[in-house]
>>> print(open('my_file.cif').read())   # mmCIF, C-alpha atoms
data_final
#
loop_
_atom_site.group_PDB
_atom_site.id
_atom_site.type_symbol
_atom_site.label_atom_id
_atom_site.label_comp_id
_atom_site.auth_asym_id
_atom_site.auth_seq_id
_atom_site.Cartn_x
_atom_site.Cartn_y
_atom_site.Cartn_z
ATOM 1 C CA MET V 1 63.493 86.034 102.949
ATOM 2 C CA SER V 2 65.993 84.443 105.332
ATOM 3 C CA SER V 3 63.286 82.262 106.899
ATOM 4 C CA MET V 4 62.832 80.581 103.500
ATOM 5 C CA ARG V 5 66.454 79.587 103.210
ATOM 6 C CA PRO V 6 67.502 76.196 104.514
ATOM 7 C CA LYS V 7 71.007 75.640 105.859
ATOM 8 C CA PHE V 8 73.637 74.334 103.463
ATOM 9 C CA LEU V 9 73.583 70.921 105.085
ATOM 10 C CA LYS V 10 69.913 70.591 104.096
ATOM 11 C CA LEU V 11 70.738 70.919 100.390
ATOM 12 C CA PRO V 12 69.681 69.653 97.929
ATOM 13 C CA LEU V 13 65.996 70.169 98.527
ATOM 14 C CA ASP V 14 65.153 67.140 96.360
ATOM 15 C CA SER V 15 67.226 63.960 96.240
ATOM 16 C CA SER V 16 67.033 63.930 92.433
ATOM 17 C CA HIS V 17 68.818 67.288 92.241
ATOM 18 C CA PRO V 18 72.621 67.664 92.098
ATOM 19 C CA PRO V 19 74.596 67.865 95.372
ATOM 20 C CA HIS V 20 74.374 71.207 97.254
ATOM 21 C CA SER V 21 71.825 72.635 94.817
ATOM 22 C CA ALA V 22 69.013 74.936 95.947
ATOM 23 C CA TRP V 23 66.682 74.318 93.024
ATOM 24 C CA GLY V 24 63.068 75.201 93.687
ATOM 25 C CA LEU V 25 63.768 77.396 96.700
ATOM 26 C CA TYR V 26 62.330 80.427 94.917
ATOM 27 C CA GLY V 27 60.030 78.436 92.647
ATOM 28 C CA PRO V 28 60.590 76.190 89.609
ATOM 29 C CA ASP V 29 60.776 79.103 87.161
ATOM 30 C CA ASP V 30 63.160 81.291 89.165
ATOM 31 C CA GLU V 31 66.031 82.863 87.181
ATOM 32 C CA LEU V 32 67.606 84.996 89.905
ATOM 33 C CA GLY V 33 68.985 82.487 92.406
ATOM 34 C CA THR V 34 70.796 84.275 95.228
ATOM 35 C CA LEU V 35 69.992 87.645 93.661
ATOM 36 C CA ASN V 36 66.588 87.164 95.303
ATOM 37 C CA LEU V 37 68.388 88.293 98.454
ATOM 38 C CA LEU V 38 68.797 91.795 97.005
ATOM 39 C CA THR V 39 65.469 93.072 98.255
ATOM 40 C CA PRO V 40 64.324 96.720 98.078
ATOM 41 C CA GLU V 41 64.817 96.945 101.837
ATOM 42 C CA ARG V 42 68.440 95.858 101.507
ATOM 43 C CA THR V 43 69.008 98.360 98.702
ATOM 44 C CA VAL V 44 67.788 101.124 101.011
ATOM 45 C CA ALA V 45 70.070 99.866 103.783
ATOM 46 C CA ALA V 46 73.029 99.692 101.384
ATOM 47 C CA ALA V 47 72.426 103.273 100.293
ATOM 48 C CA LYS V 48 73.465 104.361 103.790
ATOM 49 C CA GLU V 49 77.022 103.439 102.732
ATOM 50 C CA ILE V 50 77.029 106.538 100.506
ATOM 51 C CA ARG V 51 78.683 109.224 102.638
ATOM 52 C CA THR V 52 81.411 110.970 100.644
ATOM 53 C CA GLY V 53 80.049 110.555 97.119
ATOM 54 C CA VAL V 54 83.354 109.144 95.788
ATOM 55 C CA ARG V 55 82.704 106.844 92.824
ATOM 56 C CA ILE V 56 85.106 104.076 91.788
ATOM 57 C CA GLY V 57 84.774 102.156 88.527
ATOM 58 C CA LEU V 58 85.450 98.445 88.898
ATOM 59 C CA ASN V 59 85.756 97.518 85.231
ATOM 60 C CA TRP V 60 88.910 96.495 83.404
ATOM 61 C CA SER V 61 89.077 97.927 79.886
ATOM 62 C CA LEU V 62 87.228 95.820 77.306
ATOM 63 C CA GLU V 63 90.363 95.282 75.208
ATOM 64 C CA GLN V 64 91.783 93.168 78.020
ATOM 65 C CA MET V 65 92.896 90.446 77.749
ATOM 66 C CA GLU V 66 95.000 90.908 74.620
ATOM 67 C CA THR V 67 96.318 87.374 75.160
ATOM 68 C CA THR V 68 93.549 84.843 75.785
ATOM 69 C CA GLY V 69 95.195 81.447 75.460
ATOM 70 C CA GLY V 70 93.877 80.836 71.961
ATOM 71 C CA PHE V 71 90.410 79.509 72.789
ATOM 72 C CA ARG V 72 88.699 82.913 73.056
ATOM 73 C CA GLU V 73 88.813 85.846 70.658
ATOM 74 C CA VAL V 74 90.288 89.222 71.511
ATOM 75 C CA MET V 75 88.147 92.336 71.163
ATOM 76 C CA LYS V 76 87.740 93.942 67.750
ATOM 77 C CA HIS V 77 86.851 97.639 67.597
ATOM 78 C CA GLU V 78 86.095 99.449 64.357
ATOM 79 C CA ILE V 79 85.288 103.164 63.963
ATOM 80 C CA PHE V 80 83.701 104.135 60.663
ATOM 81 C CA GLN V 81 82.224 107.251 59.109
ATOM 82 C CA ILE V 82 78.531 107.119 58.152
ATOM 83 C CA ALA V 83 78.300 110.716 56.906
ATOM 84 C CA PRO V 84 80.666 113.710 56.778
ATOM 85 C CA ASN V 85 82.015 114.264 60.302
ATOM 86 C CA MET V 86 79.658 111.628 61.734
ATOM 87 C CA ASN V 87 80.964 108.353 63.139
ATOM 88 C CA ASP V 88 79.669 105.034 64.454
ATOM 89 C CA ASP V 89 81.644 102.177 65.876
ATOM 90 C CA ARG V 90 81.311 98.420 65.990
ATOM 91 C CA ILE V 91 82.593 96.279 68.863
ATOM 92 C CA GLU V 92 82.951 92.498 68.777
ATOM 93 C CA PHE V 93 84.111 90.763 71.937
ATOM 94 C CA ASN V 94 83.857 87.621 74.009
ATOM 95 C CA THR V 95 82.220 88.380 77.352
ATOM 96 C CA GLN V 96 84.842 86.252 79.138
ATOM 97 C CA THR V 97 87.941 88.222 78.116
ATOM 98 C CA SER V 98 87.619 91.216 80.436
ATOM 99 C CA THR V 99 85.650 92.120 83.564
ATOM 100 C CA GLN V 100 82.504 90.002 83.514
ATOM 101 C CA TRP V 101 79.676 88.342 85.328
ATOM 102 C CA ASP V 102 79.334 84.634 84.710
ATOM 103 C CA GLY V 103 75.605 84.183 84.185
ATOM 104 C CA LEU V 104 73.609 81.100 85.057
ATOM 105 C CA ARG V 105 74.033 79.650 81.549
ATOM 106 C CA HIS V 106 77.833 79.609 81.790
ATOM 107 C CA TRP V 107 78.747 76.374 83.575
ATOM 108 C CA GLY V 108 76.431 73.520 84.424
ATOM 109 C CA PHE V 109 76.818 70.265 86.301
ATOM 110 C CA ASP V 110 78.553 67.329 84.636
ATOM 111 C CA ASP V 111 75.200 65.755 83.776
ATOM 112 C CA GLY V 112 74.281 68.776 81.625
ATOM 113 C CA ARG V 113 71.846 70.406 84.048
ATOM 114 C CA PHE V 114 71.986 74.092 84.957
ATOM 115 C CA TYR V 115 70.188 76.092 87.668
ATOM 116 C CA ASN V 116 66.639 74.849 88.295
ATOM 117 C CA GLY V 117 67.133 71.987 85.845
ATOM 118 C CA LEU V 118 67.610 73.795 82.537
ATOM 119 C CA THR V 119 69.687 71.531 80.279
ATOM 120 C CA GLN V 120 72.597 72.143 77.945
ATOM 121 C CA ALA V 121 70.502 70.718 75.101
ATOM 122 C CA GLU V 122 67.790 73.304 75.768
ATOM 123 C CA ILE V 123 70.319 76.150 75.818
ATOM 124 C CA LEU V 124 71.927 75.091 72.550
ATOM 125 C CA SER V 125 68.554 74.545 70.882
ATOM 126 C CA GLY V 126 67.924 78.290 70.904
ATOM 127 C CA LYS V 127 64.265 77.659 71.710
ATOM 128 C CA THR V 128 64.391 79.177 75.194
ATOM 129 C CA SER V 129 66.022 82.231 76.722
ATOM 130 C CA LYS V 130 65.587 80.942 80.273
ATOM 131 C CA LEU V 131 68.428 81.852 82.686
ATOM 132 C CA GLY V 132 69.733 84.430 80.220
ATOM 133 C CA ILE V 133 71.612 87.475 81.473
ATOM 134 C CA HIS V 134 68.590 89.618 80.538
ATOM 135 C CA ALA V 135 66.847 88.276 83.662
ATOM 136 C CA TRP V 136 69.169 90.464 85.768
ATOM 137 C CA GLN V 137 67.910 93.783 84.394
ATOM 138 C CA GLN V 138 66.915 95.023 87.827
ATOM 139 C CA GLY V 139 70.676 95.151 88.416
ATOM 140 C CA ILE V 140 73.013 93.701 91.005
ATOM 141 C CA VAL V 141 72.764 96.399 93.657
ATOM 142 C CA GLY V 142 73.529 96.230 97.366
ATOM 143 C CA ARG V 143 76.269 96.512 99.949
ATOM 144 C CA GLY V 144 79.677 95.590 98.612
ATOM 145 C CA VAL V 145 82.398 94.209 100.879
ATOM 146 C CA LEU V 146 86.068 94.115 99.853
ATOM 147 C CA VAL V 147 88.345 91.376 101.165
ATOM 148 C CA ASP V 148 91.785 92.779 100.331
ATOM 149 C CA PHE V 149 94.053 89.739 100.433
ATOM 150 C CA LEU V 150 96.831 91.450 98.460
ATOM 151 C CA SER V 151 97.276 94.137 101.122
ATOM 152 C CA TYR V 152 97.015 91.532 103.874
ATOM 153 C CA ALA V 153 99.740 89.413 102.271
ATOM 154 C CA ARG V 154 102.052 92.418 101.975
ATOM 155 C CA LYS V 155 101.397 93.518 105.552
ATOM 156 C CA HIS V 156 102.132 90.071 106.961
ATOM 157 C CA ASN V 157 105.066 89.247 104.638
ATOM 158 C CA ILE V 158 103.281 86.265 103.116
ATOM 159 C CA PRO V 159 105.211 84.916 100.111
ATOM 160 C CA TYR V 160 102.783 85.543 97.280
ATOM 161 C CA ASN V 161 102.775 85.980 93.502
ATOM 162 C CA PRO V 162 99.384 87.110 92.138
ATOM 163 C CA LEU V 163 100.161 85.473 88.791
ATOM 164 C CA GLU V 164 100.543 82.012 90.297
ATOM 165 C CA HIS V 165 98.267 79.548 92.028
ATOM 166 C CA HIS V 166 97.519 80.477 95.624
ATOM 167 C CA ALA V 167 94.538 79.120 97.537
ATOM 168 C CA ILE V 168 93.507 81.696 100.133
ATOM 169 C CA PRO V 169 92.239 79.875 103.235
ATOM 170 C CA LEU V 170 88.744 80.682 104.417
ATOM 171 C CA GLN V 171 90.201 81.400 107.843
ATOM 172 C CA THR V 172 92.377 84.114 106.311
ATOM 173 C CA VAL V 173 89.322 85.679 104.682
ATOM 174 C CA LEU V 174 87.567 85.662 108.058
ATOM 175 C CA THR V 175 90.622 87.259 109.674
ATOM 176 C CA ILE V 176 90.716 90.034 107.043
ATOM 177 C CA LEU V 177 87.026 90.735 107.635
ATOM 178 C CA ALA V 178 87.549 90.815 111.408
ATOM 179 C CA ASP V 179 90.537 93.168 111.068
ATOM 180 C CA ALA V 180 88.331 95.461 108.976
ATOM 181 C CA ASN V 181 85.544 95.304 111.589
ATOM 182 C CA VAL V 182 83.139 93.979 108.974
ATOM 183 C CA ALA V 183 80.264 91.710 109.961
ATOM 184 C CA LEU V 184 78.742 90.198 106.841
ATOM 185 C CA ARG V 185 75.018 90.609 106.276
ATOM 186 C CA GLU V 186 72.587 88.559 104.251
ATOM 187 C CA GLY V 187 72.520 89.996 100.737
ATOM 188 C CA ASP V 188 76.118 91.280 100.727
ATOM 189 C CA ILE V 189 78.157 91.259 97.511
ATOM 190 C CA LEU V 190 81.586 89.830 98.352
ATOM 191 C CA LEU V 191 84.640 91.078 96.438
ATOM 192 C CA LEU V 192 88.083 89.434 96.691
ATOM 193 C CA ARG V 193 91.250 91.321 95.725
ATOM 194 C CA THR V 194 94.167 89.098 94.705
ATOM 195 C CA GLY V 195 96.073 91.587 92.532
ATOM 196 C CA PHE V 196 95.893 89.391 89.409
ATOM 197 C CA THR V 197 94.466 91.896 86.930
ATOM 198 C CA HIS V 198 96.929 94.639 87.859
ATOM 199 C CA ALA V 199 99.902 92.258 87.791
ATOM 200 C CA PHE V 200 98.806 90.764 84.476
ATOM 201 C CA ALA V 201 98.282 94.137 82.809
ATOM 202 C CA SER V 202 101.697 95.290 84.095
ATOM 203 C CA SER V 203 103.494 92.264 82.611
ATOM 204 C CA SER V 204 105.207 92.042 79.250
ATOM 205 C CA PRO V 205 103.413 90.353 76.320
ATOM 206 C CA ALA V 206 105.804 87.407 76.649
ATOM 207 C CA ILE V 207 104.948 86.888 80.321
ATOM 208 C CA GLN V 208 101.243 87.252 79.589
ATOM 209 C CA ALA V 209 101.505 84.621 76.866
ATOM 210 C CA SER V 210 103.354 82.229 79.173
ATOM 211 C CA ILE V 211 100.680 82.659 81.872
ATOM 212 C CA MET V 212 97.856 81.936 79.451
ATOM 213 C CA ALA V 213 99.719 78.951 77.978
ATOM 214 C CA LYS V 214 100.004 77.115 81.308
ATOM 215 C CA ARG V 215 98.189 73.787 81.455
ATOM 216 C CA PRO V 216 96.498 73.669 83.775
ATOM 217 C CA PHE V 217 95.840 77.376 83.934
ATOM 218 C CA GLU V 218 96.904 78.866 87.289
ATOM 219 C CA TYR V 219 95.646 81.820 89.277
ATOM 220 C CA PRO V 220 94.938 82.801 92.893
ATOM 221 C CA GLY V 221 91.589 82.858 94.651
ATOM 222 C CA ILE V 222 89.777 81.512 97.662
ATOM 223 C CA GLU V 223 90.302 77.845 98.507
ATOM 224 C CA SER V 224 87.671 75.672 96.843
ATOM 225 C CA ASN V 225 85.975 73.165 99.090
ATOM 226 C CA THR V 226 82.716 72.345 100.792
ATOM 227 C CA LYS V 227 83.389 74.495 103.848
ATOM 228 C CA VAL V 228 83.668 77.603 101.662
ATOM 229 C CA LEU V 229 80.443 76.702 99.862
ATOM 230 C CA GLU V 230 78.737 76.218 103.220
ATOM 231 C CA TRP V 231 80.021 79.567 104.484
ATOM 232 C CA LEU V 232 78.902 81.471 101.372
ATOM 233 C CA TRP V 233 75.443 79.911 101.448
ATOM 234 C CA ASP V 234 74.782 80.114 105.171
ATOM 235 C CA THR V 235 76.070 83.708 105.320
ATOM 236 C CA GLY V 236 73.601 84.660 102.598
ATOM 237 C CA ILE V 237 76.035 86.133 100.086
ATOM 238 C CA ALA V 238 74.143 87.377 97.017
ATOM 239 C CA ALA V 239 77.066 87.419 94.556
ATOM 240 C CA VAL V 240 80.841 86.988 94.556
ATOM 241 C CA ALA V 241 83.533 88.571 92.423
ATOM 242 C CA GLY V 242 87.307 88.576 92.177
ATOM 243 C CA ASP V 243 90.013 90.386 90.233
ATOM 244 C CA CYS V 244 91.233 87.011 88.991
ATOM 245 C CA PRO V 245 89.945 84.709 86.203
ATOM 246 C CA GLY V 246 87.760 82.839 88.725
ATOM 247 C CA PHE V 247 86.650 83.484 92.290
ATOM 248 C CA GLU V 248 88.193 80.236 93.513
ATOM 249 C CA ALA V 249 91.894 79.453 93.051
ATOM 250 C CA TRP V 250 92.763 77.313 90.053
ATOM 251 C CA PRO V 251 93.530 74.456 89.909
ATOM 252 C CA PRO V 252 90.921 73.794 92.620
ATOM 253 C CA SER V 253 92.001 72.894 96.146
ATOM 254 C CA GLU V 254 89.496 70.045 96.358
ATOM 255 C CA GLU V 255 86.635 70.628 93.933
ATOM 256 C CA ALA V 256 85.663 73.336 91.477
ATOM 257 C CA MET V 257 83.060 75.608 93.033
ATOM 258 C CA HIS V 258 81.869 77.203 89.786
ATOM 259 C CA GLN V 259 79.269 74.521 89.106
ATOM 260 C CA VAL V 260 77.752 74.635 92.578
ATOM 261 C CA LEU V 261 77.754 78.444 92.771
ATOM 262 C CA LEU V 262 76.251 79.000 89.320
ATOM 263 C CA ALA V 263 74.185 75.902 88.614
ATOM 264 C CA GLY V 264 73.456 74.910 92.220
ATOM 265 C CA PHE V 265 72.959 78.134 94.160
ATOM 266 C CA GLY V 266 72.217 80.423 91.211
ATOM 267 C CA MET V 267 74.961 82.753 92.478
ATOM 268 C CA PRO V 268 76.626 85.144 89.988
ATOM 269 C CA ILE V 269 80.425 84.965 89.803
ATOM 270 C CA GLY V 270 82.325 88.093 88.815
ATOM 271 C CA GLU V 271 85.776 87.715 87.295
ATOM 272 C CA LEU V 272 88.669 89.953 86.220
ATOM 273 C CA PHE V 273 87.317 92.989 88.084
ATOM 274 C CA ASP V 274 89.595 95.977 88.672
ATOM 275 C CA PHE V 275 89.920 96.556 92.427
ATOM 276 C CA GLU V 276 93.030 98.766 92.509
ATOM 277 C CA GLY V 277 91.204 102.075 92.872
ATOM 278 C CA LEU V 278 88.684 100.461 95.195
ATOM 279 C CA ALA V 279 91.384 99.180 97.549
ATOM 280 C CA GLU V 280 93.058 102.605 97.563
ATOM 281 C CA GLU V 281 89.807 104.360 98.505
ATOM 282 C CA CYS V 282 88.959 101.755 101.141
ATOM 283 C CA GLY V 283 92.357 102.357 102.721
ATOM 284 C CA ARG V 284 91.929 106.123 102.532
ATOM 285 C CA GLU V 285 88.512 106.060 104.196
ATOM 286 C CA GLY V 286 89.333 103.232 106.573
ATOM 287 C CA ARG V 287 86.274 101.188 105.644
ATOM 288 C CA TRP V 288 85.786 98.204 103.392
ATOM 289 C CA THR V 289 82.057 98.425 102.747
ATOM 290 C CA PHE V 290 80.342 100.616 100.134
ATOM 291 C CA PHE V 291 77.345 100.871 97.856
ATOM 292 C CA PHE V 292 77.748 98.511 94.901
ATOM 293 C CA SER V 293 75.887 98.923 91.627
ATOM 294 C CA SER V 294 76.075 96.799 88.483
ATOM 295 C CA GLU V 295 73.887 96.774 85.375
ATOM 296 C CA PRO V 296 74.608 93.815 83.056
ATOM 297 C CA LEU V 297 73.868 94.004 79.344
ATOM 298 C CA ASN V 298 70.275 93.361 78.333
ATOM 299 C CA VAL V 299 71.010 90.442 75.995
ATOM 300 C CA LYS V 300 68.185 87.954 75.751
ATOM 301 C CA GLY V 301 69.547 84.518 76.579
ATOM 302 C CA GLY V 302 73.055 85.888 77.212
ATOM 303 C CA VAL V 303 75.654 83.757 78.994
ATOM 304 C CA GLY V 304 77.773 86.525 80.520
ATOM 305 C CA SER V 305 78.160 90.281 80.533
ATOM 306 C CA PRO V 306 80.471 93.152 81.371
ATOM 307 C CA PRO V 307 79.264 94.332 84.782
ATOM 308 C CA ASN V 308 79.287 98.114 84.297
ATOM 309 C CA ALA V 309 80.052 98.153 88.032
ATOM 310 C CA LEU V 310 80.547 101.061 90.407
ATOM 311 C CA ALA V 311 81.441 101.336 94.065
ATOM 312 C CA ILE V 312 80.099 104.484 95.714
ATOM 313 C CA PHE V 313 81.377 105.696 99.108
#
>>> encode(input="my_file.cif", output="structure tokens")
Amino acid sequence: MSSMRPKFLKLPLDSSHPPHSAWGLYGPDDELGTLNLLTPERTVAAAKEIRTGVRIGLNWSLEQMETTGGFREVMKHEIFQIAPNMNDDRIEFNTQTSTQWDGLRHWGFDDGRFYNGLTQAEILSGKTSKLGIHAWQQGIVGRGVLVDFLSYARKHNIPYNPLEHHAIPLQTVLTILADANVALREGDILLLRTGFTHAFASSSPAIQASIMAKRPFEYPGIESNTKVLEWLWDTGIAAVAGDCPGFEAWPPSEEAMHQVLLAGFGMPIGELFDFEGLAEECGREGRWTFFFSSEPLNVKGGVGSPPNALAIF
């Protein structure tokens, strides 16, 4: 698979495609993007990370976030009786208000084109389910790698508030990986801990409302620039996820990476994950790699999904 992949500097593969896009690399009808890197052989290799059998859920509760900034709905949960002593329930929620994968229909380029050229008009027409979250039903499964910036910042006395903007330099990420003796492999699933979800959930409703009311919205994440995009692509990362509202810090350092990652690379972006228990177990075992498993919802044409994610040690 790696022999098929051109270097970042060779992208796009066609001059009519958006900058840095890898359209056509896996064929014109591909709906997996970088998930093509999660081969059966790499799943077998990742399974060797399972040594103690400890399982850590990585999902924030669905009722988060109770404060959404007004442009997304909060979860509604109804329990009702359908017969004596027999209950059903009904859940209505926006897939962006708790732990989620951004699917390849979430954010396209400014000209209205999404991964492999699907257009916004085609998505809204309802006549095609192409690039829907249902295409990921084989799961997002492989070796997970945690970059624990929150612990690094505390250890090195770096002034840091996880509820404010903070662009984590790529060099710092590389240092954290080196300190953890982790060499990234093609097909890895990269997880970034900033501490946002824990800090947000621990805050008062008034503080939560003030955070969500900020314009522009602010949160920590990796710096957003071309060198980070080049590193992610050339390293062969299959998917990225953070415990913040976006993998890259917002507002962007230089340019938003969401469009290139999703619509250019076809790379899933996980947001608002819960990494507190994961970081604790990584520290306890002294290793920052593990078996990662995620099964998105099977919603035909879906834009995003709760990840139903587990880390297994």
>>> atom_distance(input="my_file.cif", atom1="atom CA of Tyr219 of chain V", atom2="atom CA of Val147 of chain V")
16.9 Å
>>> closest_atom_pairs(input="my_file.cif", of="segment 142-176 of chain V", to="segment 197-215 of chain V", cutoff="9 Å", atoms="all atoms listed in the file", output="CSV")
residue,atom,partner,partner_atom,distance
V:Asn161,CA,V:Ala199,CA,9.0
V:Pro162,CA,V:Ala199,CA,6.8
V:Leu163,CA,V:Ala199,CA,6.9
V:Glu164,CA,V:Ile211,CA,8.5
>>> residues_near_point(input="my_file.cif", point="(83.5, 69.1, 89.1)", cutoff="8 Å", atoms="only C-alpha atoms", output="PyMOL selection string")
chain V and resi 109-110+255-257+259
>>> closest_residue(input="my_file.cif", among="V:Leu38, V:Ile91, V:Leu177, V:Leu146", to="Phe290 of chain V", atoms="only C-alpha atoms")
V:Leu146
>>> axis_aligned_box(input="my_file.cif", around="segment 273-287 of chain V", padding_each_side="3 Å", output="JSON")
{"center_x": 89.7, "center_y": 99.6, "center_z": 97.3, "size_x": 12.8, "size_y": 19.1, "size_z": 24.5}
>>> resolve_selection(input="my_file.cif", expression="the PyMOL selection byres ((chain V and resi 280-286) around 12)", output="PyMOL selection string")
chain V and resi 49+51-57+144-148+150-152+179-182+193+274-279+287-290+311-313
>>> write_last_selection(input="my_file.cif", atoms="C-alpha atoms", output="PDB file, keeping the file's coordinate frame")
ATOM      1  CA  GLU V  49      77.022 103.439 102.732  1.00  0.00           C
ATOM      2  CA  ARG V  51      78.683 109.224 102.638  1.00  0.00           C
ATOM      3  CA  THR V  52      81.411 110.970 100.644  1.00  0.00           C
ATOM      4  CA  GLY V  53      80.049 110.555  97.119  1.00  0.00           C
ATOM      5  CA  VAL V  54      83.354 109.144  95.788  1.00  0.00           C
ATOM      6  CA  ARG V  55      82.704 106.844  92.824  1.00  0.00           C
ATOM      7  CA  ILE V  56      85.106 104.076  91.788  1.00  0.00           C
ATOM      8  CA  GLY V  57      84.774 102.156  88.527  1.00  0.00           C
ATOM      9  CA  GLY V 144      79.677  95.590  98.612  1.00  0.00           C
ATOM     10  CA  VAL V 145      82.398  94.209 100.879  1.00  0.00           C
ATOM     11  CA  LEU V 146      86.068  94.115  99.853  1.00  0.00           C
ATOM     12  CA  VAL V 147      88.345  91.376 101.165  1.00  0.00           C
ATOM     13  CA  ASP V 148      91.785  92.779 100.331  1.00  0.00           C
ATOM     14  CA  LEU V 150      96.831  91.450  98.460  1.00  0.00           C
ATOM     15  CA  SER V 151      97.276  94.137 101.122  1.00  0.00           C
ATOM     16  CA  TYR V 152      97.015  91.532 103.874  1.00  0.00           C
ATOM     17  CA  ASP V 179      90.537  93.168 111.068  1.00  0.00           C
ATOM     18  CA  ALA V 180      88.331  95.461 108.976  1.00  0.00           C
ATOM     19  CA  ASN V 181      85.544  95.304 111.589  1.00  0.00           C
ATOM     20  CA  VAL V 182      83.139  93.979 108.974  1.00  0.00           C
ATOM     21  CA  ARG V 193      91.250  91.321  95.725  1.00  0.00           C
ATOM     22  CA  ASP V 274      89.595  95.977  88.672  1.00  0.00           C
ATOM     23  CA  PHE V 275      89.920  96.556  92.427  1.00  0.00           C
ATOM     24  CA  GLU V 276      93.030  98.766  92.509  1.00  0.00           C
ATOM     25  CA  GLY V 277      91.204 102.075  92.872  1.00  0.00           C
ATOM     26  CA  LEU V 278      88.684 100.461  95.195  1.00  0.00           C
ATOM     27  CA  ALA V 279      91.384  99.180  97.549  1.00  0.00           C
ATOM     28  CA  ARG V 287      86.274 101.188 105.644  1.00  0.00           C
ATOM     29  CA  TRP V 288      85.786  98.204 103.392  1.00  0.00           C
ATOM     30  CA  THR V 289      82.057  98.425 102.747  1.00  0.00           C
ATOM     31  CA  PHE V 290      80.342 100.616 100.134  1.00  0.00           C
ATOM     32  CA  ALA V 311      81.441 101.336  94.065  1.00  0.00           C
ATOM     33  CA  ILE V 312      80.099 104.484  95.714  1.00  0.00           C
ATOM     34  CA  PHE V 313      81.377 105.696  99.108  1.00  0.00           C
TER      35      PHE V 313
END
